[in-house]
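S.K.: Take a look at input-v9.txt, compact mmCIF, C-alpha atoms and all ligand atoms:
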```
# COMPACT_ATOMS: atom_id res chain seq x y z
CA MET J 4 15.22 32.31 26.53
CA SER J 5 15.78 29.25 24.41
CA GLU J 6 16.94 26.69 26.92
CA LYS J 7 16.13 23.05 26.33
CA VAL J 8 13.47 21.64 28.63
CA ARG J 9 12.63 18.09 29.59
CA LEU J 10 9.05 17.21 28.85
CA ALA J 11 7.14 13.95 28.96
CA VAL J 12 4.56 13.12 26.29
CA SER J 13 1.83 13.60 28.89
CA GLU J 14 2.98 17.14 29.68
CA VAL J 15 3.19 18.08 26.01
CA ALA J 16 -0.31 16.68 25.49
CA GLU J 17 -1.63 18.70 28.39
CA ARG J 18 0.05 21.97 27.44
CA LEU J 19 -1.08 21.73 23.81
CA GLY J 20 -4.55 20.38 24.54
CA LEU J 21 -3.97 17.17 22.58
CA LEU J 22 -6.49 14.38 23.06
CA LEU J 23 -5.13 10.96 23.99
CA ALA J 24 -6.70 8.31 21.72
CA ALA J 25 -4.54 5.30 22.60
CA GLY J 26 -1.21 4.13 23.97
CA GLU J 27 -1.45 5.55 27.48
CA GLU J 28 1.41 3.27 28.54
CA GLY J 29 3.91 5.42 26.66
CA LEU J 30 2.85 8.77 28.11
CA GLU J 31 5.79 9.17 30.46
CA ALA J 32 8.41 8.88 27.73
CA GLU J 33 10.54 11.97 27.27
CA VAL J 34 10.01 14.09 24.17
CA THR J 35 13.43 14.90 22.72
CA GLY J 36 12.28 16.53 19.52
CA ALA J 37 9.68 16.35 16.79
CA LEU J 38 9.29 15.78 13.10
CA ALA J 39 6.45 16.45 10.70
CA SER J 40 5.99 14.21 7.67
CA ASP J 41 3.25 12.29 5.91
CA LEU J 42 5.66 9.95 4.16
CA LEU J 43 6.01 6.80 6.24
CA SER J 44 9.17 5.86 4.39
CA TYR J 45 10.77 9.17 5.32
CA VAL J 46 10.00 8.64 9.00
CA MET J 47 11.30 5.07 8.83
CA ALA J 48 14.60 6.31 7.47
CA ASN J 49 14.92 9.59 9.41
CA GLY J 50 12.86 9.36 12.61
CA LYS J 51 14.93 9.61 15.79
CA SER J 52 14.35 8.09 19.17
CA GLY J 53 12.17 10.24 21.44
CA GLN J 54 10.66 12.40 18.71
CA LEU J 55 6.99 13.24 18.46
CA TRP J 56 5.67 12.66 14.96
CA LEU J 57 3.15 15.08 13.48
CA THR J 58 1.18 13.57 10.60
CA ILE J 59 -2.19 13.33 8.90
CA GLN J 60 -1.68 9.60 8.26
CA THR J 61 -4.09 7.33 10.14
CA HIS J 62 -3.23 3.87 8.81
CA PRO J 63 -2.17 1.09 11.28
CA ASN J 64 1.34 1.09 9.83
CA ILE J 65 2.06 4.47 11.44
CA VAL J 66 2.30 2.65 14.77
CA ALA J 67 4.76 0.12 13.37
CA VAL J 68 6.84 2.91 11.86
CA ALA J 69 6.81 4.90 15.11
CA ALA J 70 7.79 1.85 17.15
CA LEU J 71 10.55 0.98 14.69
CA ALA J 72 12.08 4.44 15.04
CA HIS J 73 11.46 4.47 18.85
CA LEU J 74 9.44 7.66 18.58
CA ALA J 75 7.82 9.07 21.72
CA GLY J 76 4.38 9.36 20.17
CA ILE J 77 2.24 10.25 17.19
CA VAL J 78 0.21 13.43 16.91
CA ILE J 79 -2.51 13.10 14.28
CA VAL J 80 -3.16 16.67 13.18
CA SER J 81 -5.79 18.61 11.22
CA GLY J 82 -8.66 16.66 12.74
CA PHE J 83 -7.89 13.40 10.95
CA GLU J 84 -9.26 10.38 12.76
CA PRO J 85 -7.25 7.20 13.29
CA GLU J 86 -8.67 3.88 12.13
CA GLU J 87 -9.80 1.35 14.76
CA ASP J 88 -6.92 -0.99 13.86
CA THR J 89 -4.48 1.84 14.39
CA LEU J 90 -5.72 2.46 17.91
CA ALA J 91 -5.63 -1.26 18.75
CA ARG J 92 -2.08 -1.45 17.46
CA ALA J 93 -1.06 1.62 19.48
CA GLU J 94 -2.49 0.07 22.65
CA GLU J 95 -0.47 -3.09 22.01
CA GLU J 96 2.73 -1.16 21.43
CA GLY J 97 2.14 1.42 24.17
CA MET J 98 2.62 4.11 21.53
CA PRO J 99 0.67 7.26 22.41
CA ILE J 100 -1.63 8.58 19.71
CA LEU J 101 -2.69 12.16 20.29
CA LEU J 102 -5.31 14.02 18.33
CA THR J 103 -5.78 17.68 17.50
CA ALA J 104 -7.75 19.82 15.07
CA GLU J 105 -4.71 22.12 14.65
CA THR J 106 -2.46 21.80 11.62
CA ALA J 107 1.04 20.32 11.74
CA TYR J 108 2.40 23.84 11.21
CA THR J 109 0.63 25.19 14.28
CA VAL J 110 1.46 22.21 16.46
CA ALA J 111 5.10 22.41 15.42
CA GLY J 112 5.20 26.10 16.30
CA ARG J 113 3.69 25.50 19.70
CA LEU J 114 6.08 22.62 20.39
CA TYR J 115 8.96 24.91 19.54
CA GLU J 116 7.61 27.56 21.90
CA LEU J 117 7.37 24.94 24.62
CA GLY J 118 11.08 24.29 24.24
CA VAL J 119 10.94 21.10 22.22
CA ARG J 120 13.79 21.78 19.81
CA MET G 23 -23.32 -11.10 -14.49
CA ARG G 24 -24.10 -13.12 -17.64
CA GLY G 25 -21.50 -13.37 -20.38
CA LYS G 26 -19.04 -11.57 -18.18
CA VAL G 27 -15.93 -12.84 -16.45
CA ALA G 28 -14.51 -11.68 -13.13
CA VAL G 29 -10.91 -10.52 -12.79
CA ASP G 30 -9.22 -9.62 -9.51
CA LEU G 31 -5.98 -7.84 -10.34
CA HIS G 32 -4.84 -7.06 -6.80
CA VAL G 33 -4.14 -10.04 -4.53
CA HIS G 34 -1.23 -10.38 -2.09
CA SER G 35 0.63 -13.52 -1.04
CA ALA G 36 2.22 -14.41 2.30
CA LEU G 37 5.31 -12.57 1.07
CA SER G 38 3.58 -9.30 1.91
CA ALA G 39 4.24 -8.58 5.56
CA CYS G 40 0.67 -7.52 6.23
CA ALA G 41 -0.90 -10.52 4.44
CA GLY G 42 -2.03 -13.76 6.12
CA GLU G 43 0.17 -16.85 6.12
CA GLU G 44 -2.65 -18.73 4.40
CA MET G 45 -2.02 -16.72 1.22
CA ARG G 46 -0.25 -19.67 -0.39
CA PRO G 47 -0.60 -20.69 -4.07
CA PRO G 48 -2.98 -23.66 -3.71
CA GLU G 49 -5.32 -21.91 -1.26
CA VAL G 50 -5.37 -18.59 -3.10
CA LEU G 51 -5.97 -20.21 -6.48
CA LEU G 52 -8.61 -22.60 -5.19
CA THR G 53 -10.48 -19.73 -3.58
CA ALA G 54 -10.21 -17.68 -6.77
CA GLU G 55 -11.48 -20.60 -8.84
CA GLN G 56 -14.39 -21.24 -6.49
CA ARG G 57 -15.35 -17.57 -6.73
CA GLN G 58 -15.06 -17.69 -10.51
CA VAL G 59 -12.18 -15.27 -10.70
CA ARG G 60 -10.63 -16.15 -14.06
CA ILE G 61 -7.67 -13.79 -13.98
CA LEU G 62 -5.78 -12.94 -10.82
CA GLY G 63 -3.06 -10.34 -10.38
CA LEU G 64 -0.53 -11.61 -7.84
CA VAL G 65 1.34 -8.71 -6.31
CA ASP G 66 3.48 -8.30 -3.23
CA HIS G 67 4.90 -5.11 -1.80
CA CYS G 68 7.91 -4.16 -3.90
CA THR G 69 8.69 -7.73 -4.94
CA ALA G 70 7.64 -10.50 -7.33
CA ARG G 71 9.63 -13.25 -5.66
CA ASN G 72 6.57 -15.46 -5.07
CA ALA G 73 5.14 -14.94 -8.55
CA TRP G 74 6.78 -18.04 -10.10
CA ALA G 75 5.11 -20.29 -7.54
CA PHE G 76 1.66 -18.87 -8.32
CA VAL G 77 2.18 -19.00 -12.08
CA GLY G 78 3.34 -22.60 -11.78
CA ALA G 79 0.53 -23.66 -9.47
CA ALA G 80 -2.08 -21.95 -11.67
CA GLN G 81 -1.71 -24.70 -14.27
CA ALA G 82 -3.78 -26.93 -12.01
CA PHE G 83 -6.58 -24.37 -11.73
CA ASP G 84 -8.93 -22.57 -14.06
CA VAL G 85 -7.29 -19.27 -13.15
CA ARG G 86 -4.79 -17.25 -15.14
CA VAL G 87 -2.17 -15.39 -13.12
CA PHE G 88 -0.54 -12.10 -14.00
CA ALA G 89 2.77 -11.95 -12.13
CA GLY G 90 3.44 -8.63 -10.57
CA LEU G 91 4.48 -6.27 -7.81
CA GLU G 92 2.83 -3.44 -5.91
CA VAL G 93 5.56 -0.82 -6.05
CA GLU G 94 5.65 2.22 -3.77
CA SER G 95 7.00 5.35 -5.44
CA ALA G 96 9.18 7.97 -3.78
CA GLU G 97 6.05 10.10 -3.35
CA GLY G 98 4.42 7.23 -1.44
CA VAL G 99 2.02 6.18 -4.20
CA HIS G 100 1.22 2.49 -4.78
CA LEU G 101 1.27 1.21 -8.35
CA LEU G 102 0.40 -2.27 -9.58
CA ALA G 103 2.88 -3.60 -12.12
CA LEU G 104 1.48 -6.72 -13.82
CA PHE G 105 3.12 -8.92 -16.43
CA ASP G 106 2.08 -11.85 -18.59
CA SER G 107 5.64 -13.18 -18.52
CA LEU G 108 7.48 -14.34 -15.45
CA GLU G 109 10.74 -13.13 -16.97
CA ALA G 110 9.46 -9.57 -17.18
CA ALA G 111 8.15 -9.68 -13.60
CA THR G 112 11.46 -11.09 -12.36
CA ASP G 113 13.39 -8.43 -14.23
CA MET G 114 11.20 -5.70 -12.74
CA ASP G 115 11.78 -7.26 -9.29
CA ARG G 116 15.55 -7.10 -9.84
CA VAL G 117 15.45 -3.41 -10.77
CA ILE G 118 13.09 -2.45 -7.94
CA ALA G 119 15.43 -4.20 -5.47
CA GLU G 120 18.13 -1.69 -6.43
CA HIS G 121 15.81 1.17 -5.50
CA LEU G 122 14.77 0.03 -2.03
CA PRO G 123 16.33 1.73 1.01
CA GLY G 124 18.28 -1.35 2.10
CA LEU G 125 16.71 -1.52 5.57
CA PRO G 126 15.88 -4.83 7.28
CA ASN G 127 12.28 -5.91 7.87
CA ASN G 128 11.11 -5.98 11.48
CA GLU G 129 8.98 -9.12 11.67
CA ARG G 130 7.46 -8.31 15.01
CA LEU G 131 6.19 -4.93 13.89
CA PHE G 132 5.36 -5.56 10.25
CA GLY G 133 4.97 -9.33 9.95
CA LYS G 134 6.77 -12.15 8.17
CA GLN G 135 7.61 -12.11 4.48
CA GLN G 136 7.43 -15.74 3.39
CA LEU G 137 8.90 -17.13 0.20
CA LEU G 138 6.81 -20.05 -1.01
CA ASP G 139 6.94 -22.83 -3.55
CA GLU G 140 4.09 -24.01 -5.77
CA LEU G 141 2.72 -26.29 -3.06
CA GLY G 142 2.76 -23.53 -0.50
CA ASN G 143 5.80 -24.73 1.43
CA VAL G 144 7.81 -21.97 3.08
CA ILE G 145 11.20 -22.04 1.40
CA GLY G 146 12.62 -18.92 2.98
CA LEU G 147 12.00 -15.46 4.36
CA ASP G 148 12.62 -12.17 2.63
CA ARG G 149 14.53 -10.15 5.23
CA ARG G 150 14.37 -6.80 3.44
CA LEU G 151 12.02 -4.03 4.47
CA LEU G 152 9.52 -4.16 1.61
CA VAL G 153 6.61 -2.13 2.99
CA THR G 154 8.33 1.10 2.15
CA ALA G 155 8.98 3.51 -0.67
CA THR G 156 11.50 3.09 -3.45
CA ASP G 157 13.44 6.15 -4.60
CA LEU G 158 11.69 6.09 -7.98
CA ARG G 159 9.10 8.63 -9.10
CA ILE G 160 5.65 7.32 -10.03
CA ASP G 161 6.18 8.22 -13.69
CA GLU G 162 9.55 6.44 -13.74
CA ILE G 163 7.97 3.27 -12.38
CA ALA G 164 5.11 3.43 -14.89
CA GLU G 165 7.62 3.85 -17.70
CA MET G 166 9.59 0.83 -16.49
CA VAL G 167 6.41 -1.26 -16.51
CA CYS G 168 5.46 -0.16 -20.02
CA GLY G 169 8.99 -0.82 -21.24
CA ARG G 170 8.59 -4.42 -20.09
CA GLU G 171 5.23 -4.79 -21.86
CA GLY G 172 3.46 -4.73 -18.52
CA LEU G 173 0.19 -3.33 -17.25
CA ALA G 174 0.54 -0.35 -14.91
CA VAL G 175 -2.37 0.56 -12.62
CA PRO G 176 -2.14 3.01 -9.72
CA ALA G 177 -3.68 1.13 -6.77
CA HIS G 178 -6.54 2.32 -4.53
CA VAL G 179 -6.19 5.83 -5.98
CA ASP G 180 -8.74 7.26 -3.54
CA ARG G 181 -7.10 5.96 -0.36
CA GLN G 182 -5.57 8.44 2.07
CA THR G 183 -2.59 6.18 2.59
CA ASN G 184 -0.57 5.52 -0.57
CA GLY G 185 -3.38 6.48 -2.97
CA LEU G 186 -2.43 8.58 -6.01
CA LEU G 187 -5.03 11.30 -5.54
CA PRO G 188 -4.78 12.03 -1.81
CA VAL G 189 -0.97 11.89 -2.05
CA LEU G 190 -0.37 13.89 -5.25
CA GLY G 191 -3.73 15.62 -5.60
CA PHE G 192 -3.89 15.03 -9.36
CA VAL G 193 -2.99 12.60 -12.10
CA PRO G 194 0.42 13.65 -13.43
CA PRO G 195 0.09 14.55 -17.12
CA GLY G 196 1.48 11.89 -19.42
CA LEU G 197 1.58 9.20 -16.74
CA GLN G 198 1.92 5.91 -18.65
CA VAL G 199 -0.75 3.80 -16.98
CA GLN G 200 -3.60 1.92 -18.62
CA ALA G 201 -6.20 2.16 -15.85
CA PHE G 202 -6.80 3.29 -12.26
CA GLU G 203 -7.93 1.11 -9.37
CA VAL G 204 -10.56 2.62 -7.10
CA SER G 205 -10.89 1.03 -3.66
CA ARG G 206 -14.00 -0.82 -2.56
CA HIS G 207 -15.06 2.13 -0.46
CA LEU G 208 -16.55 4.12 -3.31
CA SER G 209 -18.08 3.68 -6.75
CA ALA G 210 -16.61 4.90 -10.03
CA ASP G 211 -19.14 7.74 -10.12
CA GLU G 212 -18.36 8.82 -6.58
CA ALA G 213 -14.66 8.69 -7.36
CA ARG G 214 -15.08 10.95 -10.40
CA LEU G 215 -17.22 13.37 -8.45
CA ARG G 216 -14.64 13.61 -5.72
CA TRP G 217 -11.65 13.67 -8.08
CA PRO G 218 -12.62 15.32 -11.39
CA ASP G 219 -9.18 14.36 -12.71
CA LEU G 220 -10.52 10.80 -13.01
CA ARG G 221 -13.23 11.78 -15.50
CA GLY G 222 -12.83 10.00 -18.82
CA ARG G 223 -10.27 7.61 -17.38
CA PRO G 224 -10.79 3.84 -17.10
CA LEU G 225 -11.47 2.81 -13.50
CA LEU G 226 -11.17 -0.72 -12.12
CA THR G 227 -11.93 -2.29 -8.82
CA ALA G 228 -10.05 -5.15 -7.18
CA SER G 229 -10.00 -6.77 -3.77
CA ASP G 230 -6.48 -5.87 -2.52
CA ALA G 231 -6.90 -9.22 -0.72
CA HIS G 232 -4.60 -9.83 2.24
CA CYS G 233 -6.53 -12.90 3.44
CA LEU G 234 -8.34 -15.72 1.63
CA ASP G 235 -11.83 -14.47 2.29
CA GLU G 236 -11.15 -11.16 0.57
CA ILE G 237 -10.21 -12.77 -2.76
CA GLY G 238 -12.80 -12.03 -5.42
CA GLN G 239 -14.96 -9.96 -3.06
CA VAL G 240 -14.28 -6.96 -5.26
CA VAL G 241 -13.65 -7.61 -8.95
CA THR G 242 -13.80 -6.06 -12.40
CA TRP G 243 -16.10 -7.65 -14.99
CA ILE G 244 -14.73 -8.20 -18.47
CA SER G 245 -15.80 -10.03 -21.65
CA GLU G 246 -15.03 -13.68 -22.41
CA ASP G 247 -13.01 -12.53 -25.40
CA LEU G 248 -10.79 -10.33 -23.30
CA ALA G 249 -10.34 -13.08 -20.71
CA ARG G 250 -8.98 -15.31 -23.47
CA ALA G 251 -6.95 -12.71 -25.37
CA GLU G 252 -3.37 -13.90 -25.95
CA VAL G 253 -1.60 -10.56 -25.89
CA SER G 254 1.00 -8.90 -23.69
CA ALA G 255 -0.16 -7.52 -20.35
CA ARG G 256 0.32 -4.00 -21.72
CA GLU G 257 -1.92 -4.60 -24.73
CA TRP G 258 -4.37 -6.50 -22.56
CA GLY G 259 -4.52 -3.46 -20.30
CA LEU G 260 -5.35 -1.22 -23.25
CA LEU G 261 -8.20 -3.54 -24.29
CA LEU G 262 -9.36 -3.67 -20.69
CA ALA G 263 -9.36 0.13 -20.54
CA ASP G 264 -11.52 0.30 -23.69
CA GLU G 265 -13.96 -2.20 -22.23
CA VAL G 266 -14.41 -0.55 -18.85
CA LEU G 267 -14.81 2.86 -20.47
CA ALA G 268 -17.40 1.48 -22.90
CA ALA G 269 -19.23 -0.12 -19.98
CA GLY G 270 -19.40 3.31 -18.39
CA SER G 271 -17.19 2.62 -15.40
ZN ZN F 1 -1.38 -0.62 -1.60
ZN ZN F 2 -2.14 -4.06 -2.04
```
Would you mind writing the file's structure down as structure tokens?
Ligand SMILES: [Zn+2]
Ligand SMILES: [Zn+2]
M.R.:
Amino acid sequence: MSEKVRLAVSEVAERLGLLLAAGEEGLEAEVTGALASDLLSYVMANGKSGQLWLTIQTHPNIVAVAALAHLAGIVIVSGFEPEEDTLARAEEEGMPILLTAETAYTVAGRLYELGVR
Amino acid sequence: MRGKVAVDLHVHSALSACAGEEMRPPEVLLTAEQRQVRILGLVDHCTARNAWAFVGAAQAFDVRVFAGLEVESAEGVHLLALFDSLEAATDMDRVIAEHLPGLPNNERLFGKQQLLDELGNVIGLDRRLLVTATDLRIDEIAEMVCGREGLAVPAHVDRQTNGLLPVLGFVPPGLQVQAFEVSRHLSADEARLRWPDLRGRPLLTASDAHCLDEIGQVVTWISEDLARAEVSAREWGLLLADEVLAAGS
């Protein structure tokens, strides 16, 4: 079965065991897809509305980039920890920041299994 | 430090979206002068459009300004491009403009990009998205700087975001840069321990100031002779590299 499912950021976070670090306000947004990249410029140019962004970047600008591209949220992978400024910025923007020790590869695979395509 | 002169080669103006609006020529130069910074590198993200105002205003202060840009390569690496001539900086600005993605800035998310005159008056806004990567490789940018007799220094090489070593993992062989800037978070020795590729290479520190108070908080110490040397930025960079290596940093 490969049918497309509708999932909110909160459901994805729960199913994948991601830890919410900031931006609770945006948790009910629908996840329409995902992308994995550590190049902010790439995400600025190619990010699409509703996507979850998997990255190891932790700098405050990731929130600006995610908001610019109307992403659903940011998953900081591989155990990287966001800077304080980043979390403050995410709160302001209502942009969920989710944390996990898993790699981008693993998280992407699990998202795919969940039906996020 | 006696007999030594402070240089801060990495200072932003209000043209950088993330920098404070107080980063205007008179305030920046006065602060630098008060903190005995004798040479200041004025760089903004991917542009040198405020450089003329700082070079002009510097005549009233005991501070020499290198006009420059902090260019982001296609790989996401930041590189300082510093020039002793405004013409060279302006020419570099023109070429870099052709390699930006052509997206608009979003002032609410990134901040304003203010164009200033020598007195610090706002004379316009740069509407382009400048806090982003060009489509040029790091080695191409370095070559462009050298070709314009400029000084090329990869910025905050240890930083996870936009730092040469976390991004690329190594120093590309043959990269035409004169020195490497290590961020304030670690010493030259720590940097070389963490990144053996930096061994034997000249390391600098600079403030990467985005607000007035940061100017001169982190500097590189050089000799009086070097501070006065009347040579191109490229040659100056080579002399600087010799000095910092001889000083063991
Ligand atoms: Zn930088
Ligand atoms: Zn900078």
S.K.: Would you mind listing the residues within 12 Å of ligand ZN 2 (chain F), counting all atoms listed in the file, as a ChimeraX atom specification?
M.R.: /G:30-35,37-41,63-69,90-94,99-103,153,175-179,181,183-185,203-205,228-233,236-237
S.K.: Determine the nearest neighbour of ligand ZN 1 (chain F) from the options G:Gln135, G:Thr154, G:Gln200, G:Gln239, counting only C-alpha atoms and all ligand atoms.
M.R.: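 Answer, going by the shortest atom-to-atom distance: G:Thr154.
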S.K.: Find the residue from G:Glu43, G:Asp157, G:Asp115, G:Asp219 that sits nearest to chain J; use all atoms listed in the file when measuring.
M.R.: G:Asp157
S.K.: Counting all atoms listed in the file, which residues from chain J have an atom at most 10 Å from any atom of chain G, and could you show them as a ChimeraX atom specification?
M.R.: /J:41-45,47-48,59-62,64,66-71,92,96
S.K.: Between G:Leu152, G:Gly169, G:Ala268, G:Pro48, which has the minimum distance to ligand ZN 1 (chain F) (counting all atoms listed in the file)?
M.R.: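 Comparing G:Leu152, G:Gly169, G:Ala268, G:Pro48 against ligand ZN 1 (chain F), the winner is G:Leu152.
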S.K.: Can you work out which one of G:Leu261, G:Ala213, G:Leu186, G:Val59 has the shortest atom-to-atom distance to ligand ZN 1 (chain F), counting only C-alpha atoms and all ligand atoms?
M.R.: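 Among the listed residues, the smallest separation from ligand ZN 1 (chain F) belongs to G:Leu186.
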S.K.: Return the single residue from G:Glu162, G:Asp106, G:Ile118, G:Asp180 that is closest to ligand ZN 1 (chain F), with distances computed using only C-alpha atoms and all ligand atoms.
M.R.: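 Looking at the shortest contact to ligand ZN 1 (chain F), the residue is G:Asp180.
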S.K.: Within 9 Å of (10.5, 22.2, 22.0) (coordinates as in the file), grab all the protein and nucleic acid residues, counting all atoms listed in the file, and write them out as a PyMOL selection string.
M.R.: chain J and resi 7-10+34-37+111-120
